[in-house]
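**Student:** The structure under discussion is supplied below as structure tokens; questions concerning it will follow.
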Amino acid sequence: MKTMIGTLLIATTFAALMALLVIYTGIFNVATEWEDPAPIRWALVTTRENSIQSRAASIQVPPPKGDKQIDTGFRSYREMCAMCHTPPGSTDSPITKGLNPAPPDLAESAEHMSAAELFWAIKNGIRMTGMPAWGPTHKDSEIWDIVAFVKKLPGMSKDEYLTLDDRLEKGHSHAGSGHDDSKPEKNKSHDEDGHAH
């Protein structure tokens, strides 16, 4: 028993010293152009996926609200998300090309994520990925609108996306009365469709 405890103490001390070595020597390359070795990439991706999955498990998904919700979510996606998450048939933006890890192709990843998981990720963001948290500035209902659209992305063609883009006026969309009531926007009014002016 003493041998096992001694071994654990030595292993813990060694791990702590190695961590301090990495932290203080600058040996770990934080540049986005440096590609993570496969074991590190696996550890980061697995940690992220399990973290999102466990935190989204208790989220209640509201019933869908139809095409109008998808249209509203598209407007927000176009203004807030498309610069990093490349729309169907488009080429990656300079922002997308410069991020590490690369933003997921939502036309593929949205198929494998539940609505609750997408909601959690959009609301809370993901550390050290470039994915911001939209929860501090957007109501839950607005985030659910984005989720409704993102769930439609798998299988959407470039032409279908461009048709939406042509049909729906430009501008950031806010469901209902806009951003979080605790952070009112000044000098903006909203029409019945929730468009800021």
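Please note that chains go A, B, ... in the order of the structure tokens, that every chain numbers its residues from 1, and that ligands are numbered from 1 in the order shown.
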Report as a Markdown table the residues of stretch 63-83 of chain A within 12 Å of stretch 95-112 of chain A, each with its shortest atom pair and distance in Å (one decimal), using only C-alpha atoms, ordered by chain and increasing residue number.

**Tutor:**
```
| residue | atom | partner | partner_atom | distance |
| --- | --- | --- | --- | --- |
| A:Tyr77 | CA | A:Leu106 | CA | 11.0 |
| A:Cys81 | CA | A:Leu106 | CA | 10.0 |
| A:Ala82 | CA | A:Thr96 | CA | 9.5 |
| A:Met83 | CA | A:Ile95 | CA | 7.0 |
```

**Student:** Just write the chosen residues, C-alpha atoms, as a tab-separated table (two decimals), in the first residue's frame.

**Tutor:**
```tsv
chain	number	residue	atom	x	y	z
A	77	TYR	CA	-26.86	33.18	-39.08
A	81	CYS	CA	-22.21	33.00	-38.12
A	82	ALA	CA	-21.54	32.80	-41.86
A	83	MET	CA	-18.26	34.71	-41.58
```

**Student:** Would you pick out the contacts of stretch 140-146 of chain A at 8 Å or less, using only C-alpha atoms, so that residues sharing its chain but fewer than 6 positions from it are not included, and give the list as an MDAnalysis selection string?

**Tutor:** chainID A and resid 69:70 72:74 76:77 119 122:123 134 174:175

**Student:** Mind pulling up the distance from atom CA of A:Pro63 to atom CA of A:Cys84?

**Tutor:**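 The value is 27.9 Å.
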
**Student:** May I have all residues of stretch 7-112 of chain A that DSSP, computed from the backbone, assigns to helix (DSSP H, G or I), given as an mmCIF file with C-alpha atoms, in the first residue's frame?

**Tutor:**
```
data_model
loop_
_atom_site.group_PDB
_atom_site.id
_atom_site.type_symbol
_atom_site.label_atom_id
_atom_site.label_comp_id
_atom_site.auth_asym_id
_atom_site.auth_seq_id
_atom_site.Cartn_x
_atom_site.Cartn_y
_atom_site.Cartn_z
ATOM 1 C CA THR A 7 4.275 5.802 -6.753
ATOM 2 C CA LEU A 8 1.156 7.976 -7.048
ATOM 3 C CA LEU A 9 2.890 10.852 -5.270
ATOM 4 C CA ILE A 10 5.918 10.592 -7.558
ATOM 5 C CA ALA A 11 3.696 10.430 -10.657
ATOM 6 C CA THR A 12 1.640 13.425 -9.488
ATOM 7 C CA THR A 13 4.769 15.445 -8.721
ATOM 8 C CA PHE A 14 6.253 14.574 -12.108
ATOM 9 C CA ALA A 15 3.012 15.555 -13.908
ATOM 10 C CA ALA A 16 2.897 18.872 -12.022
ATOM 11 C CA LEU A 17 6.534 19.617 -12.893
ATOM 12 C CA MET A 18 5.903 18.803 -16.566
ATOM 13 C CA ALA A 19 2.857 21.093 -16.573
ATOM 14 C CA LEU A 20 4.907 23.914 -15.048
ATOM 15 C CA LEU A 21 7.632 23.276 -17.617
ATOM 16 C CA VAL A 22 5.116 23.660 -20.455
ATOM 17 C CA ILE A 23 3.553 26.772 -18.886
ATOM 18 C CA TYR A 24 6.736 28.671 -18.070
ATOM 19 C CA THR A 25 9.130 27.704 -20.878
ATOM 20 C CA ALA A 38 -3.140 13.729 -33.216
ATOM 21 C CA PRO A 39 -3.227 12.820 -29.473
ATOM 22 C CA ILE A 40 -3.697 16.464 -28.433
ATOM 23 C CA ARG A 41 -6.320 17.022 -31.134
ATOM 24 C CA TRP A 42 -8.180 13.902 -29.991
ATOM 25 C CA ALA A 43 -8.056 15.025 -26.347
ATOM 26 C CA LEU A 44 -9.338 18.508 -27.158
ATOM 27 C CA VAL A 45 -12.138 17.352 -29.472
ATOM 28 C CA THR A 46 -13.267 14.600 -27.106
ATOM 29 C CA THR A 47 -13.237 16.968 -24.137
ATOM 30 C CA ARG A 48 -15.250 19.559 -26.065
ATOM 31 C CA GLU A 49 -17.834 17.091 -27.348
ATOM 32 C CA ASN A 50 -18.367 15.430 -23.959
ATOM 33 C CA SER A 51 -18.565 18.797 -22.207
ATOM 34 C CA ILE A 52 -21.255 20.075 -24.580
ATOM 35 C CA GLN A 53 -23.171 16.809 -24.485
ATOM 36 C CA SER A 54 -23.269 16.623 -20.691
ATOM 37 C CA ARG A 55 -24.308 20.266 -20.237
ATOM 38 C CA ALA A 56 -26.973 20.120 -22.940
ATOM 39 C CA ASP A 67 -40.822 28.677 -41.596
ATOM 40 C CA LYS A 68 -40.922 32.144 -40.025
ATOM 41 C CA GLN A 69 -38.589 30.965 -37.248
ATOM 42 C CA ILE A 70 -36.214 29.464 -39.807
ATOM 43 C CA ASP A 71 -36.224 32.744 -41.775
ATOM 44 C CA THR A 72 -35.459 34.703 -38.607
ATOM 45 C CA GLY A 73 -32.673 32.275 -37.720
ATOM 46 C CA PHE A 74 -31.237 32.576 -41.220
ATOM 47 C CA ARG A 75 -30.931 36.358 -40.906
ATOM 48 C CA SER A 76 -29.014 35.988 -37.663
ATOM 49 C CA TYR A 77 -26.858 33.180 -39.076
ATOM 50 C CA ARG A 78 -25.999 35.292 -42.117
ATOM 51 C CA GLU A 79 -24.932 38.254 -39.971
ATOM 52 C CA MET A 80 -23.345 36.460 -37.012
ATOM 53 C CA PRO A 94 -10.019 34.713 -44.405
ATOM 54 C CA ILE A 95 -11.330 34.469 -40.826
ATOM 55 C CA THR A 96 -12.222 30.803 -41.283
ATOM 56 C CA LYS A 97 -8.836 30.028 -42.822
ATOM 57 C CA GLY A 98 -7.039 31.687 -39.895
ATOM 58 C CA LEU A 106 -22.384 23.127 -39.881
ATOM 59 C CA ALA A 107 -23.903 21.445 -42.922
ATOM 60 C CA GLU A 108 -22.146 18.313 -41.644
ATOM 61 C CA SER A 109 -21.744 18.745 -37.890
ATOM 62 C CA ALA A 110 -25.300 19.994 -37.298
ATOM 63 C CA GLU A 111 -26.502 16.606 -38.454
ATOM 64 C CA HIS A 112 -24.625 14.936 -35.600
#
```
